[in-house]
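Since the structure comes first, as structure tokens, the remarks are kept for the end.
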Amino acid sequence: MTEAHTHGADDLCEAGLSLYVRALRVGRVRADDTDEAPCLVGLGLLQPELGDDPGWLRPVAPASVLHRLLRRSAERIADERRLEERLETTYAPLLRLDGSRTAATETSTLTVLGDKERINQAITEAMADATGELLAIQPNINPRSHEAQAIALVRDQALLDRGGHIRTLYQHTQRHRPLVLARYEQLRGDAEARTLDEVTDRLIVIDRTVAFIPASRDRSLALEVRHPALIDYFINVFDRLWHLATPMYPEAVQRPSPNGITPRQHAIAGLLVEGHTDAVIADRLGMNIRTARVHIAKLAATLGSESRAQLGYLIGQSGILDPPG
């Protein structure tokens, strides 16, 4: 029950809001009442009432809770600023090795962006000056990111209106997502998307002069890269993946191969013979583990396998992973 109602302090659930309003009105609520909204205790909006009966909770003034949350937010921002300072201090001796460029110039080629608002602002500013192209790798689309997608749609359309073009790589699992389909139905201009079984982590390259990549696993940090050598490397990686990718036409991925093995099952077979678990395969191919297991079961049925060990052997014997010709 707690997991189902876990959310941030900026998005109080309906059950929690209703219970908190009742607590303010009557002065207290039973602790059992929070079973449907444990978030109130977690956020500090309700706390145990002093007295002999611990079964009651009393509401805490919203201003007090807000002040505490804002103080925590300020502390996180201060931590990110200290991280920037440590990175600059750590890399300063390396940057000074190149005597042809000043340390200040070198430092500007790699900038740590400390929160999502700052990341989006930096991307928007870079897109505002862009006239040529946007290259992007999007491993997955957050189904709750409608607002972020709307902002991206506006700035992308502005680039297309200036005569630029957009190339985006997704995983095959994203090609039927409503957000993805709606994006290319709305964009007007030279915008093209392709898909692969596997892609790299998120990447944005704008006008071949600035790139943005994740700097933390949860993507709360990003790097703004302006070093020409790194930009060239990113573009080279993108171009190689682009030529291997499939255009965004549903039949291109859904069509089975002559031996009855679909392209998705072919990708799974390659990961299976490498010894990866179901969880790793699902993560690599951008699908949930249940879907991955369904594909594995269909692959096993096609090859006549009765066990995981036999499946690996039959994949090798079938020749489905052999290069063409």
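Every chain in the structure tokens takes a letter, A first, then B, and so on in the order presented; its residues are numbered from 1, and the ligands are numbered from 1 following the presented order.
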Closest-contact table, range 58-141 of chain A side, partner range 186-201 of chain A, 9 Å, counting only C-alpha atoms, as a tab-separated table:
residue	atom	partner	partner_atom	distance
A:Ile137	CA	A:Asp201	CA	7.2
A:Gln138	CA	A:Asp201	CA	7.4
A:Pro139	CA	A:Asp201	CA	6.3
Given the selection you just returned, output its residues as a file containing N, CA and C atoms, formatted as a CSV table (one decimal), in the first residue's frame.
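Listed below is the output, part-v7.csv:
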chain,number,residue,atom,x,y,z
A,137,ILE,N,19.5,10.6,-29.2
A,137,ILE,CA,19.3,9.2,-28.9
A,137,ILE,C,18.4,9.2,-27.7
A,138,GLN,N,17.2,8.6,-27.8
A,138,GLN,CA,16.2,8.5,-26.7
A,138,GLN,C,15.9,7.0,-26.4
A,139,PRO,N,16.6,6.5,-25.4
A,139,PRO,CA,16.4,5.0,-25.1
A,139,PRO,C,14.9,4.7,-24.7
DSSP on the backbone, helix (DSSP H, G or I) only: what residues of range 212-315 of chain A does that give? Format it as a ChimeraX atom specification. /A:228-244,250-254,263-273,278-284,289-303,308-315
How would the residues just chosen look if you wrote them out with C-alpha atoms as a tab-separated table (two decimals), in the first residue's frame?
chain	number	residue	atom	x	y	z
A	228	PRO	CA	35.32	19.39	-30.44
A	229	ALA	CA	36.96	15.94	-30.11
A	230	LEU	CA	34.14	14.63	-27.91
A	231	ILE	CA	31.49	16.14	-30.20
A	232	ASP	CA	33.09	14.38	-33.20
A	233	TYR	CA	33.09	11.11	-31.26
A	234	PHE	CA	29.40	11.42	-30.37
A	235	ILE	CA	28.50	12.20	-33.99
A	236	ASN	CA	30.50	9.21	-35.23
A	237	VAL	CA	28.69	6.89	-32.79
A	238	PHE	CA	25.33	8.35	-33.80
A	239	ASP	CA	26.01	7.98	-37.53
A	240	ARG	CA	27.00	4.33	-37.17
A	241	LEU	CA	23.87	3.51	-35.18
A	242	TRP	CA	21.72	5.53	-37.60
A	243	HIS	CA	22.83	3.47	-40.60
A	244	LEU	CA	22.08	0.24	-38.71
A	250	PRO	CA	5.76	-0.75	-38.04
A	251	GLU	CA	5.97	-3.51	-40.64
A	252	ALA	CA	9.77	-3.25	-40.72
A	253	VAL	CA	10.09	-4.65	-37.21
A	254	GLN	CA	7.05	-6.88	-37.07
A	263	PRO	CA	13.96	-9.57	-35.33
A	264	ARG	CA	13.08	-9.11	-31.65
A	265	GLN	CA	13.61	-12.81	-30.94
A	266	HIS	CA	16.85	-12.67	-32.93
A	267	ALA	CA	18.15	-9.90	-30.65
A	268	ILE	CA	17.10	-11.90	-27.57
A	269	ALA	CA	18.83	-15.01	-28.91
A	270	GLY	CA	22.10	-13.10	-29.19
A	271	LEU	CA	21.86	-11.97	-25.57
A	272	LEU	CA	20.86	-15.45	-24.38
A	273	VAL	CA	23.97	-17.10	-25.83
A	278	ASP	CA	16.03	-12.30	-18.23
A	279	ALA	CA	16.31	-9.06	-16.23
A	280	VAL	CA	19.43	-7.93	-18.11
A	281	ILE	CA	17.88	-8.83	-21.48
A	282	ALA	CA	14.75	-6.82	-20.64
A	283	ASP	CA	16.85	-3.81	-19.60
A	284	ARG	CA	19.09	-3.97	-22.67
A	289	ILE	CA	10.83	-8.57	-17.80
A	290	ARG	CA	7.42	-10.18	-18.39
A	291	THR	CA	7.49	-9.21	-22.08
A	292	ALA	CA	11.06	-10.47	-22.38
A	293	ARG	CA	10.05	-13.84	-20.96
A	294	VAL	CA	7.13	-14.09	-23.40
A	295	HIS	CA	9.54	-13.58	-26.32
A	296	ILE	CA	11.97	-16.13	-24.83
A	297	ALA	CA	9.14	-18.66	-24.49
A	298	LYS	CA	8.11	-18.12	-28.14
A	299	LEU	CA	11.72	-18.50	-29.26
A	300	ALA	CA	12.02	-21.74	-27.27
A	301	ALA	CA	8.78	-23.05	-28.81
A	302	THR	CA	9.98	-22.23	-32.32
A	303	LEU	CA	13.27	-24.05	-31.80
A	308	ARG	CA	17.12	-22.91	-20.76
A	309	ALA	CA	20.35	-24.86	-21.30
A	310	GLN	CA	18.91	-26.64	-24.34
A	311	LEU	CA	17.71	-23.32	-25.76
A	312	GLY	CA	21.25	-21.93	-25.81
A	313	TYR	CA	22.48	-25.08	-27.57
A	314	LEU	CA	19.67	-25.00	-30.14
A	315	ILE	CA	20.28	-21.32	-30.88
Counting only C-alpha atoms, which residues in range 204-255 of chain A sit no more than 8 Å from range 119-125 of chain A? For each one, give the nearest pair of atoms and the distance in Å, sorted by chain then residue number, as a tab-separated table.
residue	atom	partner	partner_atom	distance
A:Phe212	CA	A:Ile123	CA	7.8
A:Leu221	CA	A:Ile119	CA	7.8
A:Ala222	CA	A:Ile119	CA	6.7
Any chance you could export the current selection's all heavy atoms as a CSV table (one decimal), in the first residue's frame?
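Written out: part-v1.csv:
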chain,number,residue,atom,x,y,z
A,212,PHE,N,24.7,17.0,-24.9
A,212,PHE,CA,24.3,16.8,-23.6
A,212,PHE,C,24.2,15.3,-23.3
A,212,PHE,O,23.6,14.6,-24.1
A,212,PHE,CB,22.9,17.5,-23.3
A,212,PHE,CG,22.9,19.0,-23.5
A,212,PHE,CD1,22.7,19.5,-24.8
A,212,PHE,CD2,23.2,19.8,-22.4
A,212,PHE,CE1,22.7,20.9,-24.9
A,212,PHE,CE2,23.2,21.2,-22.6
A,212,PHE,CZ,22.9,21.7,-23.8
A,221,LEU,N,21.7,14.6,-13.0
A,221,LEU,CA,22.8,15.4,-13.4
A,221,LEU,C,23.1,15.2,-14.9
A,221,LEU,O,22.8,14.1,-15.4
A,221,LEU,CB,24.1,15.0,-12.6
A,221,LEU,CG,24.1,15.3,-11.1
A,221,LEU,CD1,25.4,14.7,-10.5
A,221,LEU,CD2,23.9,16.7,-10.8
A,222,ALA,N,23.6,16.2,-15.6
A,222,ALA,CA,24.0,16.1,-17.0
A,222,ALA,C,25.3,16.8,-17.2
A,222,ALA,O,25.7,17.7,-16.5
A,222,ALA,CB,22.9,16.6,-17.9
Selected residue, from A:Ala15, A:Met127, A:Leu57, A:Ile204, that lies nearest to Arg162 in chain A when counting only C-alpha atoms: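 Selected residue with least distance to Arg162 in chain A: A:Met127.
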With DSSP run on the backbone, what are the strand (DSSP E or B) residues within range 55-287 of chain A? I'd like them as number ranges by chain. A: 56-59, 110-113, 133-138, 165-171, 190-196, 203-206, 210-214, 222-225, 246-247
Residue nearest Ser18 in chain A among A:Ala31, A:Leu135, A:Ala130, A:Leu40 (counting only C-alpha atoms): A:Leu40
